[in-house]
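Q: Pasting data_3.cif below, which is mmCIF, C-alpha atoms.
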data_model
loop_
_atom_site.label_atom_id
_atom_site.label_comp_id
_atom_site.auth_asym_id
_atom_site.auth_seq_id
_atom_site.Cartn_x
_atom_site.Cartn_y
_atom_site.Cartn_z
CA MET H 1 6.11 -36.32 -7.27
CA LYS H 2 6.63 -32.62 -6.54
CA THR H 3 6.47 -31.42 -2.96
CA SER H 4 3.21 -29.56 -2.22
CA ILE H 5 3.54 -26.49 -0.01
CA ALA H 6 0.82 -24.38 1.62
CA ILE H 7 1.55 -20.77 2.53
CA ILE H 8 -0.98 -18.94 4.69
CA GLY H 9 -0.87 -15.20 4.15
CA ALA H 10 -0.20 -13.38 0.86
CA GLY H 11 1.57 -10.39 2.32
CA ALA H 12 5.21 -9.47 1.69
CA SER H 13 6.80 -12.60 3.17
CA GLY H 14 4.27 -15.10 1.85
CA LEU H 15 4.13 -13.72 -1.67
CA PHE H 16 7.92 -13.46 -1.91
CA THR H 17 8.42 -16.98 -0.57
CA SER H 18 5.89 -18.42 -3.00
CA VAL H 19 7.92 -16.99 -5.89
CA VAL H 20 11.19 -18.49 -4.63
CA LEU H 21 9.64 -21.91 -4.00
CA ALA H 22 7.68 -22.07 -7.25
CA SER H 23 10.78 -21.13 -9.24
CA CYS H 24 12.43 -24.19 -7.67
CA GLY H 25 9.68 -26.42 -9.05
CA PHE H 26 7.44 -26.91 -6.01
CA TYR H 27 3.66 -26.97 -6.06
CA VAL H 28 2.69 -23.92 -4.01
CA THR H 29 -0.76 -22.86 -2.84
CA LEU H 30 -1.02 -19.40 -1.33
CA PHE H 31 -4.04 -18.80 0.90
CA GLU H 32 -5.15 -15.22 1.55
CA LYS H 33 -8.09 -14.18 3.73
CA ASN H 34 -8.59 -10.86 1.91
CA SER H 35 -10.09 -10.30 -1.52
CA LYS H 36 -6.70 -9.25 -2.88
CA ILE H 37 -3.06 -9.87 -2.06
CA GLY H 38 -0.51 -7.55 -0.48
CA LYS H 39 -2.88 -5.03 1.12
CA LYS H 40 -0.38 -3.93 3.77
CA LEU H 41 2.46 -3.98 1.26
CA LEU H 42 0.49 -1.60 -0.95
CA ALA H 43 0.26 0.87 1.95
CA THR H 44 3.92 0.84 3.01
CA GLY H 45 6.03 3.95 2.65
CA ASN H 46 2.89 6.03 2.12
CA GLY H 47 2.25 4.05 -1.03
CA ARG H 48 5.86 4.30 -2.22
CA CYS H 49 7.01 1.02 -0.61
CA ASN H 50 10.16 1.43 1.47
CA ILE H 51 11.30 -2.01 0.34
CA SER H 52 14.71 -2.32 2.06
CA ASN H 53 17.64 -0.31 3.38
CA LYS H 54 21.23 -0.31 2.17
CA ASN H 55 22.38 0.33 5.76
CA LEU H 56 21.33 -3.15 6.84
CA SER H 57 22.55 -4.25 10.26
CA PRO H 58 21.28 -6.53 13.04
CA LYS H 59 21.22 -3.50 15.36
CA PHE H 60 18.09 -2.26 13.57
CA PHE H 61 16.14 -5.40 14.52
CA HIS H 62 14.60 -6.35 17.86
CA THR H 63 13.40 -9.39 19.73
CA ASN H 64 12.15 -9.67 23.30
CA ASN H 65 14.85 -12.18 24.18
CA LYS H 66 18.32 -10.69 23.71
CA LYS H 67 19.83 -14.17 23.68
CA ASN H 68 18.27 -14.59 20.24
CA ARG H 69 20.25 -11.83 18.51
CA LYS H 70 22.31 -14.46 16.67
CA PHE H 71 19.12 -15.87 15.21
CA ILE H 72 18.37 -12.53 13.52
CA GLU H 73 21.97 -12.09 12.35
CA ASN H 74 21.96 -15.53 10.75
CA ILE H 75 18.80 -14.81 8.76
CA ILE H 76 19.75 -11.40 7.36
CA GLU H 77 23.29 -12.52 6.54
CA GLN H 78 21.89 -15.20 4.24
CA PHE H 79 19.73 -12.71 2.32
CA ASP H 80 21.11 -9.22 2.78
CA HIS H 81 20.29 -5.94 1.06
CA GLU H 82 22.38 -6.69 -2.02
CA SER H 83 20.68 -10.08 -2.38
CA CYS H 84 17.32 -8.36 -2.07
CA LYS H 85 18.28 -5.77 -4.68
CA GLU H 86 19.43 -8.49 -7.09
CA PHE H 87 16.26 -10.54 -6.60
CA PHE H 88 14.01 -7.61 -7.43
CA HIS H 89 16.24 -6.53 -10.31
CA ASN H 90 15.73 -10.00 -11.79
CA ILE H 91 11.95 -9.64 -11.69
CA GLY H 92 11.97 -6.12 -13.11
CA VAL H 93 11.99 -3.86 -10.04
CA GLU H 94 14.85 -1.37 -9.78
CA PHE H 95 15.79 0.41 -6.54
CA ILE H 96 16.33 4.09 -5.90
CA TYR H 97 17.53 5.49 -2.58
CA ALA H 98 16.44 8.27 -0.26
CA LYS H 99 17.94 9.59 2.97
CA ASN H 100 19.30 7.15 5.53
CA GLY H 101 19.72 4.46 2.87
CA ARG H 102 16.02 3.82 2.39
CA ALA H 103 15.32 1.85 -0.80
CA TYR H 104 12.21 2.32 -2.93
CA PRO H 105 11.10 0.90 -6.28
CA MET H 106 12.10 3.30 -9.05
CA SER H 107 8.42 3.78 -9.90
CA GLN H 108 7.89 4.88 -6.28
CA GLN H 109 4.70 2.83 -6.29
CA SER H 110 4.01 -0.05 -3.93
CA SER H 111 1.76 -1.51 -6.59
CA THR H 112 4.83 -2.16 -8.76
CA VAL H 113 6.27 -4.49 -6.13
CA VAL H 114 2.99 -6.32 -5.55
CA ASP H 115 2.23 -6.63 -9.27
CA MET H 116 5.67 -7.96 -10.16
CA LEU H 117 5.67 -10.49 -7.32
CA GLU H 118 2.18 -11.63 -8.28
CA PHE H 119 3.18 -11.97 -11.94
CA GLU H 120 6.22 -14.06 -11.03
CA ALA H 121 4.18 -16.22 -8.67
CA VAL H 122 1.42 -16.95 -11.17
CA SER H 123 3.91 -17.41 -14.02
CA ASN H 124 5.67 -20.09 -11.99
CA GLY H 125 2.45 -21.89 -11.18
CA VAL H 126 1.55 -20.61 -7.73
CA LYS H 127 -2.12 -21.15 -6.98
CA ILE H 128 -3.51 -18.12 -5.15
CA VAL H 129 -6.71 -18.73 -3.18
CA LEU H 130 -8.37 -15.47 -2.10
CA ASN H 131 -11.12 -14.89 0.47
CA SER H 132 -9.82 -17.91 2.33
CA GLN H 133 -9.63 -17.57 6.11
CA ILE H 134 -7.79 -20.62 7.46
CA ASP H 135 -8.80 -21.32 11.05
CA ASN H 136 -8.54 -25.09 11.22
CA ILE H 137 -5.52 -27.16 10.15
CA GLU H 138 -5.33 -30.89 10.77
CA TYR H 139 -2.11 -32.86 10.89
CA LYS H 140 -2.48 -36.47 9.67
CA ASN H 141 0.04 -38.96 8.32
CA ASN H 142 2.80 -36.30 8.22
CA ARG H 143 0.57 -34.02 6.16
CA TYR H 144 -1.06 -30.67 6.91
CA ILE H 145 -4.70 -30.79 5.85
CA ILE H 146 -6.22 -27.50 4.68
CA ASN H 147 -9.67 -27.46 3.11
CA ASN H 148 -9.43 -31.25 2.72
CA GLN H 149 -6.19 -30.88 0.74
CA PRO H 150 -2.95 -32.44 2.06
CA PHE H 151 0.35 -30.54 2.02
CA SER H 152 3.79 -31.82 2.94
CA HIS H 153 4.95 -28.39 4.16
CA LEU H 154 3.14 -25.51 5.84
CA ILE H 155 4.45 -21.93 6.02
CA ILE H 156 2.76 -19.37 8.26
CA SER H 157 3.22 -15.86 6.91
CA THR H 158 0.11 -14.21 8.29
CA GLY H 159 1.85 -11.13 9.65
CA SER H 160 0.60 -9.52 12.83
CA ILE H 161 -2.48 -7.84 14.24
CA ALA H 162 -1.22 -4.41 13.15
CA MET H 163 -3.70 -2.41 11.05
CA PRO H 164 -6.69 -4.77 11.01
CA LYS H 165 -8.34 -2.56 8.35
CA LEU H 166 -5.57 -3.65 5.99
CA GLY H 167 -5.82 -7.30 6.96
CA GLY H 168 -4.00 -7.48 10.28
CA THR H 169 -4.96 -10.73 11.95
CA ASN H 170 -4.52 -12.99 14.96
CA SER H 171 -4.76 -16.13 12.87
CA GLY H 172 -1.05 -16.89 12.69
CA TYR H 173 -0.76 -16.67 16.47
CA GLU H 174 -3.73 -18.99 16.90
CA ILE H 175 -2.24 -21.53 14.47
CA ALA H 176 1.06 -21.35 16.36
CA LYS H 177 -0.72 -22.03 19.66
CA ASP H 178 -2.63 -24.94 18.11
CA PHE H 179 0.71 -26.55 17.28
CA GLY H 180 2.07 -26.00 20.78
CA HIS H 181 4.11 -22.83 20.24
CA ASN H 182 4.57 -20.15 22.87
CA LEU H 183 3.66 -16.54 22.14
CA ILE H 184 5.64 -13.58 23.42
CA ASP H 185 3.34 -10.76 24.59
CA ARG H 186 2.58 -8.42 21.73
CA PHE H 187 2.60 -4.63 21.79
CA SER H 188 2.52 -1.92 19.14
CA SER H 189 5.68 -0.54 17.56
CA LEU H 190 6.30 2.15 14.93
CA VAL H 191 3.26 3.87 16.34
CA GLN H 192 2.08 7.36 17.29
CA LEU H 193 2.19 8.37 20.96
CA VAL H 194 -0.68 9.74 23.03
CA SER H 195 0.14 12.52 25.51
CA GLU H 196 -1.73 13.97 28.47
CA ASN H 197 -0.20 17.43 27.89
CA LYS H 198 -2.75 20.23 27.73
CA ASN H 199 -3.48 22.56 24.80
CA LEU H 200 -2.08 20.18 22.17
CA ASP H 201 -4.68 21.47 19.73
CA THR H 202 -2.77 24.79 19.61
CA ILE H 203 0.25 23.11 17.99
CA SER H 204 -1.56 20.39 16.05
CA GLY H 205 -0.18 20.09 12.53
CA VAL H 206 3.18 21.67 13.31
CA LYS H 207 6.06 19.59 11.94
CA VAL H 208 9.71 20.10 12.89
CA GLU H 209 13.07 18.40 12.59
CA ALA H 210 14.25 17.92 16.14
CA LYS H 211 15.81 15.47 18.57
CA VAL H 212 13.84 13.19 20.87
CA ASP H 213 15.60 10.72 23.17
CA ASP H 214 18.80 10.97 21.07
CA ILE H 215 16.93 10.31 17.80
CA PHE H 216 16.99 13.13 15.22
CA GLY H 217 14.21 13.36 12.66
CA ASP H 218 10.72 14.57 11.84
CA ILE H 219 8.31 15.21 14.71
CA LEU H 220 4.65 16.01 14.05
CA PHE H 221 2.57 17.51 16.84
CA THR H 222 -1.06 16.37 16.86
CA LYS H 223 -4.21 16.86 18.90
CA TYR H 224 -3.59 13.56 20.66
CA GLY H 225 0.20 13.76 21.04
CA LEU H 226 3.19 13.00 18.84
CA SER H 227 3.85 11.46 15.43
CA GLY H 228 6.55 11.63 12.75
CA SER H 229 9.52 9.44 11.85
CA ALA H 230 11.57 10.22 14.98
CA ILE H 231 8.57 9.37 17.18
CA LEU H 232 8.04 6.08 15.34
CA ASP H 233 11.70 5.25 15.93
CA ILE H 234 11.39 5.64 19.71
CA SER H 235 7.88 4.22 19.95
CA ARG H 236 8.92 0.60 20.49
CA LYS H 237 10.85 1.50 23.62
CA ILE H 238 8.04 3.71 24.91
CA SER H 239 5.36 1.13 24.11
CA ALA H 240 7.33 -1.54 25.99
CA LYS H 241 7.61 0.73 29.04
CA LEU H 242 3.88 1.42 28.97
CA GLN H 243 3.23 -2.30 29.36
CA LYS H 244 4.65 -1.95 32.88
CA GLN H 245 3.87 1.63 33.88
CA ASN H 246 1.07 4.15 33.30
CA LYS H 247 3.15 7.04 32.03
CA HIS H 248 6.49 7.83 30.46
CA LYS H 249 8.11 11.19 29.83
CA VAL H 250 9.82 12.04 26.56
CA THR H 251 11.92 15.15 26.02
CA ILE H 252 12.22 17.00 22.72
CA ASP H 253 15.10 19.31 21.86
CA LEU H 254 13.63 21.65 19.25
CA LEU H 255 17.03 23.12 18.32
CA PRO H 256 19.64 20.40 18.86
CA THR H 257 22.32 22.21 16.83
CA PHE H 258 22.53 24.91 19.53
CA SER H 259 23.67 24.57 23.12
CA GLU H 260 21.58 26.37 25.74
CA GLU H 261 24.26 29.03 26.04
CA GLU H 262 24.42 29.58 22.26
CA LEU H 263 20.66 29.78 22.03
CA TYR H 264 20.48 32.26 24.91
CA THR H 265 23.05 34.49 23.20
CA LYS H 266 21.15 34.29 19.90
CA LEU H 267 17.83 35.19 21.49
CA LEU H 268 19.35 38.03 23.48
CA PHE H 269 20.98 39.44 20.35
CA ASN H 270 17.69 39.37 18.47
CA ILE H 271 15.74 41.40 21.00
CA LYS H 272 14.87 44.75 19.42
CA LEU H 273 15.41 47.07 22.37
CA ASP H 274 13.94 49.99 20.50
CA LYS H 275 10.80 48.05 19.56
CA ALA H 276 8.59 46.17 21.95
CA GLN H 277 7.94 42.91 20.05
CA PRO H 278 5.31 40.36 21.04
CA LEU H 279 7.14 37.34 22.45
CA ASP H 280 5.81 34.85 19.91
CA LEU H 281 6.92 37.14 17.07
CA TRP H 282 10.36 37.47 18.66
CA LEU H 283 10.74 33.67 18.86
CA ASN H 284 9.36 33.14 15.38
CA PHE H 285 12.76 33.69 13.79
CA ILE H 286 13.94 30.35 15.21
CA ILE H 287 10.79 28.25 15.77
CA ASN H 288 7.25 27.94 14.44
CA ARG H 289 5.04 30.70 15.83
CA LYS H 290 2.44 28.23 17.16
CA LEU H 291 5.21 26.44 19.03
CA ALA H 292 6.50 29.79 20.27
CA ARG H 293 3.11 30.57 21.86
CA TYR H 294 2.95 27.07 23.34
CA ILE H 295 6.41 27.43 24.92
CA ILE H 296 5.66 30.90 26.27
CA ASP H 297 2.57 29.49 27.98
CA LEU H 298 4.60 26.59 29.41
CA ALA H 299 7.23 28.97 30.77
CA VAL H 300 4.54 30.69 32.92
CA LEU H 301 6.23 34.08 32.81
CA PRO H 302 5.10 36.87 35.14
CA LYS H 303 1.88 38.47 33.92
CA TYR H 304 3.48 41.88 33.44
CA ILE H 305 5.67 40.51 30.63
CA GLU H 306 3.90 41.30 27.39
CA THR H 307 6.75 42.20 25.04
CA THR H 308 10.49 41.74 24.68
CA LYS H 309 11.00 45.06 26.47
CA ASP H 310 9.84 43.41 29.70
CA LEU H 311 12.17 40.41 29.51
CA LYS H 312 14.99 39.87 31.94
CA GLU H 313 17.90 37.44 31.76
CA ASP H 314 16.16 34.76 33.84
CA HIS H 315 13.07 34.90 31.65
CA ILE H 316 15.09 34.29 28.50
CA LYS H 317 16.93 31.41 30.15
CA LEU H 318 13.60 29.87 31.15
CA ILE H 319 12.35 30.05 27.56
CA VAL H 320 15.60 28.50 26.34
CA LYS H 321 15.18 25.68 28.86
CA HIS H 322 11.77 24.83 27.41
CA ILE H 323 12.97 24.99 23.81
CA LYS H 324 15.79 22.60 24.59
CA ASN H 325 13.77 20.39 26.97
CA LEU H 326 10.18 20.27 25.79
CA HIS H 327 8.54 17.58 27.93
CA PHE H 328 5.60 15.38 26.94
CA THR H 329 4.00 12.86 29.27
CA ILE H 330 3.02 9.80 27.24
CA ILE H 331 0.11 7.77 28.57
CA ASP H 332 -0.64 5.47 25.63
CA THR H 333 0.02 4.66 21.98
CA LYS H 334 -2.45 4.69 19.09
CA GLY H 335 -2.39 0.91 19.38
CA PHE H 336 -2.71 -1.99 16.97
CA GLY H 337 -5.18 -0.10 14.79
CA SER H 338 -2.54 2.45 13.78
CA CYS H 339 0.85 0.83 14.34
CA GLU H 340 2.97 -0.28 11.40
CA VAL H 341 4.52 -3.22 13.23
CA VAL H 342 3.83 -5.41 16.25
CA ALA H 343 6.58 -6.45 18.64
CA GLY H 344 6.30 -9.90 20.16
CA GLY H 345 4.80 -12.95 18.48
CA VAL H 346 5.84 -16.56 18.00
CA ASP H 347 8.71 -17.38 20.35
CA ILE H 348 11.87 -17.86 18.25
CA GLU H 349 13.32 -20.12 20.95
CA GLN H 350 11.10 -22.78 19.36
CA ILE H 351 12.19 -21.97 15.79
CA ASP H 352 15.43 -23.24 14.25
CA ASN H 353 17.85 -21.29 12.07
CA ASN H 354 15.96 -22.33 8.94
CA LEU H 355 12.67 -20.91 10.30
CA GLU H 356 11.35 -24.44 10.87
CA SER H 357 9.41 -25.29 14.02
CA LYS H 358 11.37 -27.32 16.54
CA LEU H 359 8.06 -28.90 17.56
CA HIS H 360 6.64 -29.99 14.17
CA LYS H 361 8.55 -31.11 11.11
CA ASN H 362 7.95 -29.10 7.92
CA LEU H 363 6.11 -26.31 9.76
CA TYR H 364 7.65 -22.88 9.18
CA PHE H 365 7.04 -19.35 10.47
CA ILE H 366 8.29 -16.29 8.58
CA GLY H 367 7.93 -12.51 8.67
CA GLU H 368 6.20 -10.47 11.31
CA VAL H 369 4.31 -13.33 12.96
CA LEU H 370 7.62 -14.08 14.70
CA ASP H 371 8.98 -12.23 17.72
CA VAL H 372 11.19 -10.09 15.49
CA ASP H 373 10.54 -6.49 14.46
CA GLY H 374 12.63 -3.80 12.82
CA ASN H 375 13.09 -0.06 12.91
CA CYS H 376 11.32 2.29 10.55
CA GLY H 377 13.11 2.54 7.21
CA GLY H 378 12.58 -0.66 5.21
CA TYR H 379 13.88 -3.08 7.83
CA ASN H 380 10.60 -4.90 8.39
CA LEU H 381 10.13 -5.65 4.70
CA GLN H 382 13.75 -6.77 4.53
CA TRP H 383 13.01 -9.16 7.40
CA ALA H 384 9.98 -10.48 5.51
CA PHE H 385 12.13 -11.21 2.45
CA SER H 386 15.17 -12.52 4.35
CA SER H 387 13.14 -14.91 6.49
CA GLY H 388 11.15 -16.03 3.44
CA TYR H 389 14.31 -16.72 1.48
CA VAL H 390 15.93 -18.75 4.27
CA CYS H 391 12.76 -20.79 4.69
CA ALA H 392 12.44 -21.46 0.95
CA ASN H 393 16.13 -22.26 0.60
CA SER H 394 15.91 -24.77 3.44
CA ILE H 395 12.94 -26.54 1.82
CA ALA H 396 14.70 -26.53 -1.57
CA LYS H 397 17.79 -28.17 -0.07
CA GLY H 398 15.61 -30.84 1.51
#
If you took the structure in this file and wrote it as structure tokens, what would it be?
A:
Amino acid sequence: MKTSIAIIGAGASGLFTSVVLASCGFYVTLFEKNSKIGKKLLATGNGRCNISNKNLSPKFFHTNNKKNRKFIENIIEQFDHESCKEFFHNIGVEFIYAKNGRAYPMSQQSSTVVDMLEFEAVSNGVKIVLNSQIDNIEYKNNRYIINNQPFSHLIISTGSIAMPKLGGTNSGYEIAKDFGHNLIDRFSSLVQLVSENKNLDTISGVKVEAKVDDIFGDILFTKYGLSGSAILDISRKISAKLQKQNKHKVTIDLLPTFSEEELYTKLLFNIKLDKAQPLDLWLNFIINRKLARYIIDLAVLPKYIETTKDLKEDHIKLIVKHIKNLHFTIIDTKGFGSCEVVAGGVDIEQIDNNLESKLHKNLYFIGEVLDVDGNCGGYNLQWAFSSGYVCANSIAKG
């Protein structure tokens, strides 16, 4: 008799794992609380699906217990980027690459990934049960009872509480607690930052490539604070700090390719001594004019300074200081409703190297429900696939 396996959650990890298991000949039932599968997966990469990253390394993954770094290394070594690329090639999805090694389906449509995984799942006999919120699971006679149906194995792939509008849920955490598992405190990651700085509306919509806390990338200024890829990359660290303190300061270098001395010389050279330029127009040759006005206001220059003709050496140096050290006081994040990933989750101290619970035989946890999260750039989907593969492979080996 074939082994019957229940998977709760038809997101990236659950859908992928169902394909691997069904192709090995197992009876697989995939329960999904939404009316369709892969809702978050469809939204990833702005609809393009940043599916993996060729620059795969354990350093791009995080857990709240540093002792567990080996756990992460073990999982991604068993199903690395090349393994991921080969798997998707075999089901008809080819990869193309963008900057920083980010991998996307050649169609640049998330729907391609979801559709191909669904086709493979159904073709191999996976039973997909939609609109099925699983809140109560009984364990009797070494079987997991779901909707009065017994299963020999149970896989929790519910994801996290990130983006509840796309299906983010607490259910996986609640199931884990019901079976005696500890939860590591959860907080938002890959999330926009809220600042208490004044007059943010004057620079809202301005996007630059700059450096923030040693991360270089896109920064988008908004009415509430900061967004963009570089901000998402530092957001985990900031979010963690805000769990313990009310505020945290971040510093943006708008022109990281110039030293302060080089920038001072450049600005001094560009002053038209024979023409009294407005200061924001003078700065516009190196930075966005809205940002120029914002920085001039921050510098609090003497009121008599109206044009470049009135500037003295100290005034220019003060402006340079603000361009190179633009401070924002962060008081919050946009939270679980906006974040792409949640840090924290099921404690991996209670999970073995095959993703099986150390507390209950044949109970597995995969993907984002665990206390593992990755950087922006395809790492979280890679974790979903890697953890799903290791889980499925363990079950297949018996």
Q: Excluding same-chain residues fewer than 2 positions from range 374-381 of chain H, what lies within 8 Å of it counting all atoms listed in the file, as JSON, numbers by chain?
A: {"H": [12, 13, 50, 51, 52, 53, 56, 60, 61, 62, 100, 102, 103, 190, 229, 232, 233, 341, 368, 372, 383, 384, 385]}
Q: Counting only C-alpha atoms, what is within 8 Å of range 111-120 of chain H, bar same-chain residues fewer than 6 positions away, as a PyMOL selection string?
A: chain H and resi 15-16+19+37-38+41-42+47+49+91-93+105
Q: Counting all atoms listed in the file, which residue out of H:Ser18, H:Asn182, H:Ser259, H:Asn55 sits closest to Val126 in chain H?
A: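 Closest residue, counting all atoms listed in the file: H:Ser18.
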Q: List every protein, DNA or RNA residue with an atom no more than 12 Å from (12.2, 11.4, 15.2) in the file's coordinates, counting only C-alpha atoms, and format the result as a ChimeraX atom specification.
A: /H:190-193,207-221,226-235,250-254,375-377
Q: Go through the shown structure with the PyMOL selection byres ((chain H and resi 355) around 7) and write out the matching residues as a PyMOL selection string.
A: chain H and resi 351-354+356-357+364-366+391
Q: Written as a tab-separated table (two decimals) with C-alpha atoms, in the coordinates of the input, which residues does the PyMOL selection byres ((chain H and resi 75) around 10) give for the file shown?
A:
chain	number	residue	atom	x	y	z
H	58	PRO	CA	21.28	-6.53	13.04
H	70	LYS	CA	22.31	-14.46	16.67
H	71	PHE	CA	19.12	-15.87	15.21
H	72	ILE	CA	18.37	-12.53	13.52
H	73	GLU	CA	21.97	-12.09	12.35
H	74	ASN	CA	21.96	-15.53	10.75
H	76	ILE	CA	19.75	-11.40	7.36
H	77	GLU	CA	23.29	-12.52	6.54
H	78	GLN	CA	21.89	-15.20	4.24
H	79	PHE	CA	19.73	-12.71	2.32
H	80	ASP	CA	21.11	-9.22	2.78
H	353	ASN	CA	17.85	-21.29	12.07
H	354	ASN	CA	15.96	-22.33	8.94
H	355	LEU	CA	12.67	-20.91	10.30
H	383	TRP	CA	13.01	-9.16	7.40
H	385	PHE	CA	12.13	-11.21	2.45
H	386	SER	CA	15.17	-12.52	4.35
H	387	SER	CA	13.14	-14.91	6.49
H	388	GLY	CA	11.15	-16.03	3.44
H	389	TYR	CA	14.31	-16.72	1.48
H	390	VAL	CA	15.93	-18.75	4.27
H	391	CYS	CA	12.76	-20.79	4.69
Q: Between CA of Arg236 in chain H and CA of Lys249 in chain H, what is the distance, to one decimal in Å?
A: 14.1 Å
Q: Starting from the PyMOL selection byres ((chain H and resi 161) around 10), expand the selection into actual residues of this file and give them as a PyMOL selection string.
A: chain H and resi 158-160+162-173+186-188+336-337+339-342+345+368-369
